[in-house]
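This is data35.txt. It holds compact mmCIF, C-alpha atoms.
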# COMPACT_ATOMS: atom_id res chain seq x y z
CA MET A 98 96.02 140.78 95.73
CA LYS A 99 93.50 137.96 95.56
CA VAL A 100 93.25 136.31 92.14
CA THR A 101 90.69 133.71 91.14
CA ILE A 102 92.06 131.08 88.76
CA LYS A 103 89.69 128.97 86.68
CA TYR A 104 90.69 125.67 85.06
CA PHE A 105 88.82 124.04 82.17
CA GLY A 106 88.83 120.59 80.65
CA LEU A 107 91.97 118.54 81.07
CA LEU A 108 93.53 121.25 83.26
CA SER A 109 90.89 120.83 85.96
CA GLU A 110 91.92 117.18 86.15
CA VAL A 111 95.56 118.20 86.68
CA THR A 112 94.70 120.69 89.42
CA LYS A 113 91.79 118.63 90.78
CA CYS A 114 89.73 121.79 91.04
CA GLU A 115 87.79 124.03 88.66
CA GLU A 116 88.47 127.25 90.48
CA GLU A 117 90.61 128.56 93.32
CA THR A 118 91.56 131.92 94.80
CA ILE A 119 95.19 132.63 95.63
CA ASP A 120 97.32 135.52 96.81
CA PHE A 121 99.56 137.04 94.15
CA SER A 122 101.98 139.93 94.67
CA LYS A 123 103.82 140.13 91.35
CA THR A 124 102.93 141.73 87.99
CA LEU A 125 102.99 139.48 84.96
CA ILE A 126 100.75 136.57 84.01
CA SER A 127 103.94 134.54 83.41
CA GLU A 128 104.90 135.09 87.03
CA LEU A 129 101.51 133.84 88.18
CA LEU A 130 101.85 130.80 85.93
CA GLU A 131 105.26 130.05 87.43
CA GLU A 132 103.67 129.91 90.86
CA LEU A 133 100.91 127.63 89.57
CA CYS A 134 103.47 125.30 87.97
CA ILE A 135 105.23 124.99 91.32
CA LYS A 136 101.93 124.09 92.95
CA TYR A 137 100.93 121.72 90.09
CA PRO A 138 104.10 120.32 88.46
CA ASN A 139 102.00 118.42 85.88
CA LEU A 140 100.83 121.72 84.42
CA ILE A 141 104.29 122.32 82.93
CA ASN A 142 103.98 119.93 80.03
CA LYS A 143 100.36 120.78 79.25
CA ASP A 144 99.32 122.85 76.23
CA PHE A 145 97.16 125.77 77.33
CA GLN A 146 96.26 129.42 76.71
CA VAL A 147 95.16 132.07 79.18
CA ALA A 148 92.28 134.51 79.04
CA GLN A 149 91.66 137.64 81.07
CA ASN A 150 88.49 139.69 80.61
CA GLN A 151 87.28 137.02 78.16
CA GLU A 152 90.14 137.60 75.72
CA LEU A 153 93.15 135.40 75.06
CA VAL A 154 96.35 137.17 76.08
CA SER A 155 100.04 136.30 75.88
CA PHE A 156 101.86 135.12 78.99
CA ASP A 157 104.02 138.28 79.14
CA THR A 158 100.95 140.48 79.63
CA LYS A 159 100.36 142.24 82.92
CA LEU A 160 97.67 140.74 85.11
CA LEU A 161 94.95 143.39 84.93
CA SER A 162 92.01 141.47 86.29
CA ASN A 163 91.42 139.57 89.52
CA GLU A 164 90.44 136.56 87.42
CA LEU A 165 92.64 134.47 85.15
CA VAL A 166 91.29 131.57 83.10
CA LEU A 167 93.44 128.65 81.91
CA LEU A 168 92.12 127.01 78.75
CA PRO A 169 93.33 123.78 77.14
CA PRO A 170 93.07 123.36 73.31
CA PHE A 171 89.54 124.05 72.08
CA SER A 172 87.58 121.09 70.77
CA GLY A 173 84.07 122.27 70.10
CA GLY A 174 81.81 121.30 67.19
CA MET B 139 62.74 108.71 8.50
CA LYS B 140 60.31 109.63 11.27
CA VAL B 141 61.84 111.76 14.00
CA THR B 142 60.13 112.74 17.25
CA ILE B 143 61.05 116.22 18.45
CA LYS B 144 60.49 117.22 22.07
CA TYR B 145 60.33 120.82 23.26
CA PHE B 146 60.81 121.91 26.87
CA GLY B 147 60.08 125.09 28.79
CA LEU B 148 59.98 128.29 26.77
CA LEU B 149 60.47 126.35 23.52
CA SER B 150 57.16 124.53 23.92
CA GLU B 151 55.49 127.94 24.06
CA VAL B 152 57.16 128.94 20.78
CA THR B 153 56.09 125.73 19.02
CA LYS B 154 52.78 125.44 20.89
CA CYS B 155 53.45 121.73 21.37
CA GLU B 156 55.60 119.58 23.64
CA GLU B 157 56.27 116.88 21.11
CA GLU B 158 55.74 116.19 17.41
CA THR B 159 56.83 113.61 14.85
CA ILE B 160 58.09 114.77 11.46
CA ASP B 161 59.65 113.27 8.34
CA PHE B 162 63.34 114.01 7.92
CA SER B 163 65.50 112.87 5.01
CA LYS B 164 68.82 114.61 5.61
CA THR B 165 71.80 113.78 7.92
CA LEU B 166 72.84 116.45 10.39
CA ILE B 167 71.07 117.83 13.42
CA SER B 168 71.74 121.32 12.04
CA GLU B 169 69.75 120.39 8.94
CA LEU B 170 66.84 119.23 11.07
CA LEU B 171 67.02 122.47 13.08
CA GLU B 172 66.91 124.51 9.84
CA GLU B 173 63.64 122.82 8.94
CA LEU B 174 62.25 123.51 12.41
CA CYS B 175 63.24 127.18 12.17
CA ILE B 176 61.35 127.44 8.91
CA LYS B 177 58.29 125.95 10.57
CA TYR B 178 58.73 128.08 13.75
CA PRO B 179 60.49 131.35 12.80
CA ASN B 180 60.51 132.45 16.47
CA LEU B 181 62.89 129.60 17.31
CA ILE B 182 65.72 131.38 15.50
CA ASN B 183 66.47 133.92 18.21
CA LYS B 184 66.00 131.49 21.09
CA ASP B 185 68.89 130.14 23.12
CA PHE B 186 68.75 126.33 23.22
CA GLN B 187 70.78 123.14 23.23
CA VAL B 188 69.92 119.74 21.77
CA ALA B 189 70.15 116.28 23.29
CA GLN B 190 70.06 112.91 21.65
CA ASN B 191 70.18 109.70 23.67
CA GLN B 192 70.05 111.87 26.82
CA GLU B 193 73.34 113.61 26.06
CA LEU B 194 73.89 117.15 24.85
CA VAL B 195 75.41 117.17 21.36
CA SER B 196 76.63 119.92 19.04
CA PHE B 197 74.44 120.96 16.10
CA ASP B 198 76.91 119.58 13.53
CA THR B 199 76.47 116.03 14.87
CA LYS B 200 74.73 113.40 12.76
CA LEU B 201 71.20 112.57 13.84
CA LEU B 202 71.64 109.03 15.19
CA SER B 203 68.40 108.62 17.08
CA ASN B 204 64.77 108.93 16.07
CA GLU B 205 64.28 111.36 18.91
CA LEU B 206 65.76 114.84 19.29
CA VAL B 207 65.17 116.99 22.36
CA LEU B 208 65.37 120.79 22.32
CA LEU B 209 66.29 122.27 25.71
CA PRO B 210 66.24 125.95 26.73
CA PRO B 211 68.72 127.18 29.39
CA PHE B 212 68.54 125.07 32.55
CA SER B 213 67.11 126.75 35.63
CA GLY B 214 66.79 124.09 38.30
CA GLY B 215 67.46 124.47 42.00
CA MET C 124 74.10 101.17 49.53
CA SER C 125 71.98 101.03 46.41
CA ASP C 126 73.89 103.83 44.72
CA LYS C 127 74.28 101.96 41.48
CA LYS C 128 70.57 101.97 40.66
CA ILE C 129 69.29 105.16 39.05
CA LYS C 130 66.39 106.35 41.15
CA SER C 131 64.31 109.46 40.65
CA VAL C 132 65.29 112.50 42.63
CA PHE C 133 62.04 114.27 41.78
CA ILE C 134 59.32 115.02 44.29
CA GLN C 135 55.92 116.46 43.32
CA GLY C 136 55.54 119.93 44.84
CA ALA C 137 57.51 121.52 47.66
CA ILE C 138 59.95 119.65 49.91
CA SER C 139 58.68 119.91 53.50
CA SER C 140 60.74 120.76 56.57
CA GLU C 141 59.41 117.57 58.20
CA PHE C 142 60.86 115.51 55.34
CA ILE C 143 64.23 117.20 55.87
CA GLY C 144 64.09 116.64 59.64
CA GLU C 145 63.29 112.96 59.10
CA SER C 146 66.20 112.59 56.67
CA ILE C 147 68.53 114.00 59.32
CA ALA C 148 67.10 111.63 61.96
CA LYS C 149 67.76 108.60 59.73
CA HIS C 150 71.49 109.37 59.83
CA GLN C 151 71.82 109.13 63.59
CA THR C 152 72.48 105.40 63.37
CA LYS C 153 75.45 106.05 61.08
CA ILE C 154 78.02 106.57 63.78
CA SER C 155 81.04 107.00 61.51
CA ILE C 156 79.59 110.35 60.37
CA GLY C 157 81.08 113.46 61.98
CA ALA C 158 79.76 116.18 59.66
CA HIS C 159 76.63 116.81 57.61
CA ASN C 160 76.15 119.65 55.14
CA ILE C 161 72.75 120.51 53.72
CA PHE C 162 71.85 122.89 50.91
CA LEU C 163 68.25 124.04 50.51
CA GLY C 164 67.03 126.03 47.53
CA GLN C 165 64.00 128.15 48.42
CA VAL C 166 61.70 130.00 45.99
CA ARG C 167 62.23 133.76 46.31
CA ALA C 168 59.37 136.25 45.89
CA ASP C 169 61.46 138.31 43.46
CA VAL C 170 60.04 141.56 42.16
CA ILE C 171 60.46 141.83 38.37
CA ASP C 172 59.00 144.84 36.52
CA ASN C 173 56.82 145.58 39.56
CA LYS C 174 55.35 142.09 39.59
CA ILE C 175 55.96 139.65 42.45
CA VAL C 176 56.89 136.00 41.89
CA ALA C 177 54.24 133.92 43.65
CA ALA C 178 55.52 130.47 42.69
CA ILE C 179 57.80 128.55 40.37
CA GLU C 180 56.44 125.70 38.28
CA TYR C 181 59.18 123.16 37.57
CA THR C 182 59.33 120.81 34.61
CA ALA C 183 62.21 118.57 33.59
CA TYR C 184 63.41 116.32 30.84
CA GLU C 185 63.15 113.63 33.48
CA ASP C 186 65.05 110.72 31.96
CA MET C 187 68.07 112.84 31.14
CA ALA C 188 67.79 114.72 34.45
CA ASN C 189 67.85 111.52 36.49
CA ALA C 190 70.80 110.26 34.45
CA LYS C 191 72.65 113.53 35.11
CA PHE C 192 71.83 113.46 38.82
CA HIS C 193 73.25 109.94 38.85
CA GLU C 194 76.46 111.04 37.10
CA ILE C 195 76.85 113.90 39.58
CA ARG C 196 76.41 111.45 42.49
CA GLU C 197 79.02 109.08 41.08
CA ALA C 198 81.46 111.91 40.45
CA ALA C 199 81.01 113.27 43.97
CA PHE C 200 81.58 109.87 45.59
CA GLU C 201 84.69 109.52 43.42
CA LYS C 202 86.11 112.96 44.28
CA PHE C 203 85.22 113.30 47.97
CA GLU C 204 85.28 111.04 51.06
CA LEU C 205 81.51 110.81 51.54
CA THR C 206 79.52 108.41 53.68
CA CYS C 207 76.23 109.27 52.01
CA MET C 208 74.51 111.71 49.71
CA HIS C 209 70.87 112.51 48.97
CA ILE C 210 69.41 114.81 46.33
CA TYR C 211 65.76 115.80 45.94
CA HIS C 212 64.31 118.31 43.47
CA SER C 213 60.72 119.47 43.14
CA LEU C 214 58.55 119.17 40.05
CA GLY C 215 55.29 121.09 39.63
CA THR C 216 54.34 124.15 41.65
CA VAL C 217 56.46 125.41 44.55
CA ASN C 218 55.25 128.60 46.24
CA ALA C 219 57.49 131.47 47.33
CA GLY C 220 59.08 130.54 50.68
CA GLU C 221 58.90 126.81 49.97
CA ILE C 222 61.85 124.53 49.31
CA CYS C 223 62.54 123.16 45.81
CA LEU C 224 66.01 121.61 46.17
CA PHE C 225 67.47 119.55 49.02
CA VAL C 226 71.05 118.29 48.82
CA PHE C 227 72.43 116.40 51.84
CA VAL C 228 76.00 115.09 52.17
CA SER C 229 77.66 113.35 55.12
CA SER C 230 81.24 112.37 55.87
CA PRO C 231 83.48 111.52 58.81
CA HIS C 232 85.12 114.97 58.37
CA ARG C 233 83.91 118.49 57.65
CA LYS C 234 86.28 119.42 54.82
CA ALA C 235 84.81 116.75 52.54
CA VAL C 236 81.21 117.88 53.05
CA PHE C 237 81.95 121.55 52.33
CA ASP C 238 83.78 120.75 49.09
CA ALA C 239 81.29 118.12 47.98
CA LEU C 240 78.14 120.17 48.61
CA GLU C 241 79.27 123.17 46.60
CA PHE C 242 80.45 120.89 43.76
CA ILE C 243 77.11 119.05 43.66
CA VAL C 244 74.94 122.18 43.74
CA GLU C 245 76.95 123.87 40.96
CA GLU C 246 76.79 120.71 38.86
CA ILE C 247 73.00 120.48 39.33
CA LYS C 248 72.54 124.13 38.32
CA SER C 249 74.62 123.76 35.14
CA LYS C 250 74.04 120.19 33.94
CA VAL C 251 70.54 119.04 34.86
CA PRO C 252 67.69 119.84 32.41
CA VAL C 253 65.17 121.36 34.81
CA PHE C 254 63.12 124.41 33.85
CA GLY C 255 61.52 126.91 36.19
CA LYS C 256 58.54 128.99 35.13
CA GLU C 257 58.14 131.98 37.43
CA ILE C 258 54.44 132.59 38.00
CA PHE C 259 53.60 136.16 39.05
CA GLU C 260 50.79 137.12 41.37
CA ASP C 261 48.73 138.32 38.37
CA ASN C 262 49.14 134.85 36.78
CA SER C 263 51.46 136.08 34.03
CA HIS C 264 54.80 134.28 33.85
CA GLN C 265 58.39 134.29 32.64
CA TRP C 266 60.99 131.55 32.31
CA LYS C 267 63.63 131.62 35.00
CA VAL C 268 67.31 131.92 34.05
CA ASN C 269 69.94 130.75 36.57
CA SER C 270 72.61 133.24 37.56
CA MET D 29 66.68 141.38 64.26
CA SER D 30 68.01 141.19 67.79
CA ASP D 31 71.55 140.47 66.63
CA LYS D 32 73.06 143.08 68.89
CA LYS D 33 72.09 141.29 72.08
CA ILE D 34 74.44 138.49 73.10
CA LYS D 35 72.31 135.42 73.59
CA SER D 36 73.47 131.96 74.57
CA VAL D 37 74.03 129.51 71.76
CA PHE D 38 74.27 126.60 74.20
CA ILE D 39 71.69 123.85 74.47
CA GLN D 40 71.77 121.15 77.14
CA GLY D 41 72.36 117.76 75.54
CA ALA D 42 71.95 116.75 71.90
CA ILE D 43 70.30 118.91 69.23
CA SER D 44 67.27 117.02 67.89
CA SER D 45 66.33 116.58 64.24
CA GLU D 46 62.86 117.97 65.11
CA PHE D 47 64.45 121.19 66.38
CA ILE D 48 66.37 121.50 63.10
CA GLY D 49 63.24 120.81 61.04
CA GLU D 50 61.33 123.46 62.99
CA SER D 51 64.13 125.99 62.45
CA ILE D 52 63.89 125.39 58.70
CA ALA D 53 60.09 125.76 58.79
CA LYS D 54 60.38 129.15 60.50
CA HIS D 55 62.26 130.51 57.49
CA GLN D 56 59.49 129.84 55.00
CA THR D 57 57.93 133.22 55.68
CA LYS D 58 61.20 134.95 54.74
CA ILE D 59 60.56 135.15 51.03
CA SER D 60 63.70 137.04 50.09
CA ILE D 61 65.74 133.92 50.91
CA GLY D 62 66.86 131.79 47.97
CA ALA D 63 69.46 129.56 49.60
CA HIS D 64 70.02 127.95 53.00
CA ASN D 65 73.15 126.12 54.07
CA ILE D 66 73.26 124.01 57.21
CA PHE D 67 76.22 122.40 58.96
CA LEU D 68 75.65 119.68 61.53
CA GLY D 69 78.39 118.26 63.70
CA GLN D 70 77.63 114.71 64.80
CA VAL D 71 79.45 112.69 67.48
CA ARG D 72 81.45 109.87 65.86
CA ALA D 73 81.92 106.48 67.52
CA ASP D 74 85.66 106.64 66.89
CA VAL D 75 87.78 103.68 67.85
CA ILE D 76 90.87 104.75 69.80
CA ASP D 77 93.25 102.08 71.18
CA ASN D 78 90.51 99.46 70.70
CA LYS D 79 88.02 101.46 72.73
CA ILE D 80 84.86 102.92 71.20
CA VAL D 81 83.70 106.48 71.88
CA ALA D 82 80.18 106.22 73.33
CA ALA D 83 79.57 109.95 73.94
CA ILE D 84 81.20 113.34 74.23
CA GLU D 85 80.64 115.47 77.31
CA TYR D 86 80.94 119.15 76.43
CA THR D 87 81.92 121.94 78.81
CA ALA D 88 82.66 125.55 77.93
CA TYR D 89 83.97 128.77 79.37
CA GLU D 90 80.49 130.02 78.68
CA ASP D 91 80.84 133.79 79.03
CA MET D 92 83.81 133.96 76.71
CA ALA D 93 82.27 131.37 74.35
CA ASN D 94 79.06 133.37 73.94
CA ALA D 95 81.11 136.53 73.37
CA LYS D 96 83.16 134.73 70.70
CA PHE D 97 80.04 133.31 69.02
CA HIS D 98 78.71 136.86 68.94
CA GLU D 99 81.93 138.19 67.35
CA ILE D 100 81.80 135.42 64.74
CA ARG D 101 78.16 136.34 63.96
CA GLU D 102 79.01 140.01 63.55
CA ALA D 103 82.02 139.23 61.35
CA ALA D 104 79.96 136.91 59.15
CA PHE D 105 77.17 139.48 58.68
CA GLU D 106 79.89 142.02 57.81
CA LYS D 107 81.68 139.81 55.26
CA PHE D 108 78.76 138.03 53.57
CA GLU D 109 75.32 138.99 52.26
CA LEU D 110 73.28 137.05 54.79
CA THR D 111 69.60 137.29 55.63
CA CYS D 112 69.94 135.31 58.84
CA MET D 113 72.22 133.09 60.83
CA HIS D 114 71.69 130.71 63.75
CA ILE D 115 74.26 128.83 65.81
CA TYR D 116 73.56 126.20 68.47
CA HIS D 117 76.12 124.13 70.38
CA SER D 118 75.52 121.37 72.90
CA LEU D 119 76.72 121.32 76.49
CA GLY D 120 76.69 118.15 78.60
CA THR D 121 76.47 114.65 77.20
CA VAL D 122 75.88 113.94 73.51
CA ASN D 123 75.86 110.28 72.48
CA ALA D 124 77.52 108.90 69.35
CA GLY D 125 75.21 109.53 66.37
CA GLU D 126 73.66 112.62 67.99
CA ILE D 127 74.15 116.20 66.86
CA CYS D 128 76.26 118.63 68.89
CA LEU D 129 76.62 121.64 66.53
CA PHE D 130 73.99 123.27 64.27
CA VAL D 131 74.96 126.24 62.11
CA PHE D 132 72.30 127.63 59.76
CA VAL D 133 72.83 130.50 57.29
CA SER D 134 70.42 131.95 54.72
CA SER D 135 70.82 134.43 51.90
CA PRO D 136 69.13 135.51 48.70
CA HIS D 137 71.95 133.77 46.78
CA ARG D 138 73.86 130.52 47.13
CA LYS D 139 77.43 131.82 46.85
CA ALA D 140 77.09 133.78 50.10
CA VAL D 141 75.84 130.80 52.11
CA PHE D 142 78.63 128.49 50.98
CA ASP D 143 81.34 131.00 51.86
CA ALA D 144 79.71 132.08 55.12
CA LEU D 145 79.05 128.58 56.48
CA GLU D 146 82.62 127.37 56.04
CA PHE D 147 83.96 130.60 57.56
CA ILE D 148 81.68 130.31 60.60
CA VAL D 149 82.40 126.64 61.28
CA GLU D 150 86.18 127.13 61.04
CA GLU D 151 85.95 130.16 63.33
CA ILE D 152 83.94 128.18 65.89
CA LYS D 153 86.44 125.32 65.85
CA SER D 154 89.42 127.62 66.36
CA LYS D 155 88.15 130.49 68.52
CA VAL D 156 85.42 129.27 70.87
CA PRO D 157 86.47 127.81 74.25
CA VAL D 158 84.48 124.57 74.21
CA PHE D 159 86.00 121.33 75.45
CA GLY D 160 84.93 117.81 74.51
CA LYS D 161 85.61 114.86 76.77
CA GLU D 162 85.34 111.60 74.84
CA ILE D 163 83.72 108.98 77.04
CA PHE D 164 84.51 105.42 76.01
CA GLU D 165 82.17 102.47 76.38
CA ASP D 166 84.18 101.26 79.42
CA ASN D 167 83.65 104.70 81.07
CA SER D 168 87.28 105.73 80.73
CA HIS D 169 87.83 109.01 78.87
CA GLN D 170 90.21 111.24 76.97
CA TRP D 171 90.07 114.92 76.02
CA LYS D 172 89.19 115.53 72.37
CA VAL D 173 91.57 117.52 70.16
CA ASN D 174 90.19 119.15 67.01
CA SER D 175 91.90 118.33 63.73

Please re-express this file's structure in C-alpha cells.
Amino acid sequence: MKVTIKYFGLLSEVTKCEEETIDFSKTLISELLEELCIKYPNLINKDFQVAQNQELVSFDTKLLSNELVLLPPFSGG
Amino acid sequence: MKVTIKYFGLLSEVTKCEEETIDFSKTLISELLEELCIKYPNLINKDFQVAQNQELVSFDTKLLSNELVLLPPFSGG
Amino acid sequence: MSDKKIKSVFIQGAISSEFIGESIAKHQTKISIGAHNIFLGQVRADVIDNKIVAAIEYTAYEDMANAKFHEIREAAFEKFELTCMHIYHSLGTVNAGEICLFVFVSSPHRKAVFDALEFIVEEIKSKVPVFGKEIFEDNSHQWKVNS
Amino acid sequence: MSDKKIKSVFIQGAISSEFIGESIAKHQTKISIGAHNIFLGQVRADVIDNKIVAAIEYTAYEDMANAKFHEIREAAFEKFELTCMHIYHSLGTVNAGEICLFVFVSSPHRKAVFDALEFIVEEIKSKVPVFGKEIFEDNSHQWKVNS
C-alpha cells in the first residue's frame, strides 16, 4: 500500500524532505522504519517517536493508517 | 510616659479613632492592653496582634517604643 | 538593580491591565529571561448573606507593610534563581472585577518562577498588614478575612 | 464556553504584551474570579559554543498539537477548579526577548491557579509536538531540546 511519511524538525533535515509517499507491503511500524533507515542511514542514530492518527505509538504497533509521522524530541514553550 | 496607640481596620471602628496618645506608667504590652480593654470593652473579644518598631511582638513583651500598633487579621491580596 | 532601597509597593486604586502589559513589555530587553510568572488578585463579587460585594477598600499599616514586602523580596531572591521581581498592591477602593495585587517574577528557567511566585503570594497574604473592607452594594460593609 | 470545539492555539510570530494586556482586561467582567496566574515563555539569547541565539523558529505537527492542547485543557478543567483557561503558542520566528508561550488560568481561589498553571506548562513541554530551531546571529542553527 501507499504510505505517506511526514518528517518534522531535525528529521526533515536528515531526509531533506518534509513528506514523501512510499510503497510498503509489510505489517509493523518497525518494519517500515527499517526501510526508512536503509534509505536514510543518518536516521539510525536520531532520537524520535512516531505518531499515527495523531497519537504516539510504539514501534511494534501495526501500521493502521496510510500516514506515519516521525517526530523528534518536543521543544515547545 | 506618653504612648501613641494606632488602630487599623475593624479595630478603629471599635475604638472610633485611628490613633490616640495616652499616659502609661507600667511595663508590659499586656498591661497597656488591659487598660485599653477597660476603655474599649469591645476590644476584648477581637482577634488582633500588636507591633512595635514595625515588628509583631507577643503581649508579654516590654513596651520599648512610644508607639504601639494594634492590627486585626491581615487580608491583603 | 535598586533592590536594596525600600520603595512603596502601593498604588492608589485598581491596577490596570495596561500597566501590567507595559510591565511585561519592559522585560523584553532582558534577554537572559526564559520564563515569567504573574499572579493577579482580582476583587470577587462574593455574595454574603444575600448581599453582593461591590468593592474592597484597602488600608495598610504602610511603613510596616513596605518593610515586610522588602523582606519578602530579599528572601525570594535568596531562595530562588530570579532575574527580577515586582510587587504592586492597591490601596483605597478597588471595584469587583478589578485587580488589587500584581506579583511578577522572571528567571532564566520555569521551575524557579513557579516556586518563587507561590512563596511570595503566600508570604504577602500572611505577613503584610493590609486590611480589606468589603463594601456591599447597599453600602454596608464587613472586614475581609483571608482564607 | 466553547471549550468543546478544538481551536488553534497557534499564533504567527511573537505574542505581544498588548495582546496579553487585552486578555487580562477581558476578564474584568468575570466577577467570580479571585485569582489569575499567567505563564510567559520568552526566547533567551543563550550563548552556545560562543554563538548567541538570535531567534527561535517554531514549527509544529499542528493537527496533533491542537488535539494535545485540547486534551490538556480538558484534563486541567477536570482536575482543578478553574473559571477559564487560555493557551497561545507561537509558530514561525520569535526573536530573543519576545514571548512564544502564553498560558493564562483563572479561578475563584489562588490554590487552583498555582496548581493548574504548573500542570499545564509541564504537559505542554512534554506532550505537544512543537519544535524550536535556534537561529544564531551568524545564521547557523541547532534544534532546541527542552530541559

For region 34-50 of chain D, list every protein, DNA or RNA residue within 8 Å, evaluated using all atoms listed in the file, and leave out those in the same chain fewer than 3 positions away; present the list as a VMD selection string. (chain C and resid 140 to 141 143 to 145 147 to 148) or (chain D and resid 31 53 to 54 94 to 95 97 to 98 115 to 123 126 to 130)

Nearest to chain A among D:Gln70, D:Ser168, D:Asn65, D:Ser51, with distances taken over all atoms listed in the file: which residue is it? D:Gln70

8 Å per side around region 123-133 of chain D: axis-aligned box centre and edge lengths, as AutoDock Vina command-line options:
--center_x 74.9 --center_y 119.7 --center_z 64.9 --size_x 21.2 --size_y 37.6 --size_z 31.2

Please identify all polymer residues within 9 Å of region 146-154 of chain B, counting all atoms listed in the file, omitting same-chain residues fewer than 6 positions from it, and present them as a list of chain:residue names.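 Neighbouring residues, sequence-local ones excluded: B:Lys177, B:Tyr178, B:Pro179, B:Asn180, B:Leu181, B:Lys184, B:Phe186, B:Val207, B:Leu208, B:Leu209, B:Pro210, B:Pro211, C:Thr182, C:Ala183, C:Tyr184, C:Val253, C:Phe254, C:Gly255, C:Lys256, C:Gln265, C:Trp266.
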
Best match for closeness to His64 (chain D) among D:Val149, D:Val81, D:Ala124, D:Ala140, counting all atoms listed in the file: D:Ala140

Residue nearest chain C - candidates D:Tyr86, D:Phe164, D:Phe142, D:Phe147, atoms counted: all atoms listed in the file: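 Between D:Tyr86, D:Phe164, D:Phe142, D:Phe147, the residue approaching chain C most closely is D:Phe142.
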
Hey, what's within 7 Å of Ile148 (chain D) if we count all atoms listed in the file and toss same-chain stuff fewer than 3 positions away? As a PDB file with C-alpha atoms, in the frame of the given file, please?
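Result went into part-v3.pdb, see below:
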ATOM      1  CA  ILE D 100      81.800 135.420  64.740  1.00  0.00           C
ATOM      2  CA  ALA D 104      79.960 136.910  59.150  1.00  0.00           C
ATOM      3  CA  ALA D 144      79.710 132.080  55.120  1.00  0.00           C
ATOM      4  CA  LEU D 145      79.050 128.580  56.480  1.00  0.00           C
ATOM      5  CA  GLU D 151      85.950 130.160  63.330  1.00  0.00           C
ATOM      6  CA  ILE D 152      83.940 128.180  65.890  1.00  0.00           C
TER       7      ILE D 152
END

For chain A against chain D, which residues fall within 6 Å using all atoms listed in the file, given as a list in words? Gly106, Gln151, Phe171, Ser172, Gly173 and Gly174 of chain A

Cα-based least-squares overlay of chain A on chain B, as a compact mmCIF listing (two decimals) with C-alpha atoms, keeping the file's coordinate frame:
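Result file follows (superposed.txt):
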# COMPACT_ATOMS: atom_id res chain seq x y z
CA MET A 98 62.72 108.69 8.50
CA LYS A 99 60.30 109.63 11.25
CA VAL A 100 61.84 111.76 14.01
CA THR A 101 60.13 112.73 17.24
CA ILE A 102 61.04 116.22 18.44
CA LYS A 103 60.47 117.21 22.06
CA TYR A 104 60.32 120.82 23.25
CA PHE A 105 60.81 121.91 26.87
CA GLY A 106 60.09 125.09 28.77
CA LEU A 107 59.98 128.29 26.78
CA LEU A 108 60.46 126.37 23.52
CA SER A 109 57.15 124.54 23.92
CA GLU A 110 55.49 127.95 24.07
CA VAL A 111 57.14 128.94 20.78
CA THR A 112 56.10 125.74 19.02
CA LYS A 113 52.79 125.44 20.91
CA CYS A 114 53.44 121.74 21.37
CA GLU A 115 55.59 119.57 23.63
CA GLU A 116 56.25 116.87 21.10
CA GLU A 117 55.73 116.19 17.41
CA THR A 118 56.83 113.61 14.85
CA ILE A 119 58.10 114.77 11.47
CA ASP A 120 59.65 113.28 8.36
CA PHE A 121 63.35 114.01 7.92
CA SER A 122 65.51 112.86 5.01
CA LYS A 123 68.82 114.61 5.64
CA THR A 124 71.79 113.79 7.92
CA LEU A 125 72.85 116.45 10.37
CA ILE A 126 71.07 117.83 13.43
CA SER A 127 71.74 121.33 12.02
CA GLU A 128 69.76 120.40 8.93
CA LEU A 129 66.85 119.26 11.07
CA LEU A 130 67.02 122.49 13.06
CA GLU A 131 66.93 124.50 9.84
CA GLU A 132 63.66 122.81 8.94
CA LEU A 133 62.26 123.50 12.41
CA CYS A 134 63.25 127.18 12.17
CA ILE A 135 61.34 127.44 8.89
CA LYS A 136 58.29 125.94 10.57
CA TYR A 137 58.73 128.08 13.74
CA PRO A 138 60.49 131.35 12.80
CA ASN A 139 60.51 132.45 16.47
CA LEU A 140 62.87 129.59 17.30
CA ILE A 141 65.71 131.38 15.51
CA ASN A 142 66.45 133.92 18.20
CA LYS A 143 65.98 131.52 21.10
CA ASP A 144 68.89 130.14 23.14
CA PHE A 145 68.74 126.35 23.23
CA GLN A 146 70.78 123.13 23.24
CA VAL A 147 69.92 119.75 21.78
CA ALA A 148 70.14 116.29 23.30
CA GLN A 149 70.06 112.91 21.62
CA ASN A 150 70.18 109.70 23.66
CA GLN A 151 70.06 111.85 26.81
CA GLU A 152 73.35 113.60 26.05
CA LEU A 153 73.91 117.15 24.86
CA VAL A 154 75.42 117.18 21.38
CA SER A 155 76.63 119.91 19.03
CA PHE A 156 74.46 120.97 16.11
CA ASP A 157 76.92 119.57 13.54
CA THR A 158 76.47 116.03 14.87
CA LYS A 159 74.74 113.40 12.79
CA LEU A 160 71.21 112.55 13.84
CA LEU A 161 71.64 109.02 15.20
CA SER A 162 68.40 108.60 17.07
CA ASN A 163 64.75 108.90 16.05
CA GLU A 164 64.29 111.36 18.91
CA LEU A 165 65.76 114.83 19.28
CA VAL A 166 65.16 116.98 22.36
CA LEU A 167 65.37 120.79 22.33
CA LEU A 168 66.28 122.27 25.71
CA PRO A 169 66.24 125.93 26.72
CA PRO A 170 68.73 127.19 29.39
CA PHE A 171 68.55 125.08 32.55
CA SER A 172 67.13 126.75 35.64
CA GLY A 173 66.80 124.11 38.30
CA GLY A 174 67.50 124.47 42.03

For each of C:Glu204, C:Glu257, C:Glu197, C:Asp169, take the minimum atom-to-atom distance to chain D, counting only C-alpha atoms, then give the residue where this is smallest.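 Ranking C:Glu204, C:Glu257, C:Glu197, C:Asp169 by distance to chain D, first place goes to C:Asp169.
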
Best match for closeness to chain D among C:Thr206, C:Asn262, C:Ser229, C:Asn173, counting all atoms listed in the file: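 Of the candidates, the smallest distance to chain D is held by C:Ser229.
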
Can you tell me, as a list in words, what residues are no more than 8 Å from Glu260 (chain C) when counting only C-alpha atoms, ignoring any on the same chain fewer than 4 positions away?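 So the residues in contact are Lys174, Ile175, Val176 and Ala177 of chain C.
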
Mind writing the picked residues with C-alpha atoms as a tab-separated table (two decimals), keeping the file's coordinate frame?
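Saved to result_33.tsv:
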chain	number	residue	atom	x	y	z
C	174	LYS	CA	55.35	142.09	39.59
C	175	ILE	CA	55.96	139.65	42.45
C	176	VAL	CA	56.89	136.00	41.89
C	177	ALA	CA	54.24	133.92	43.65

Just how far from CA of Glu106 (chain D) is CA of Val133 (chain D), in Å to one decimal?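 About the pair CA of Val133 (chain D) and CA of Glu106 (chain D): they are 13.5 Å apart.
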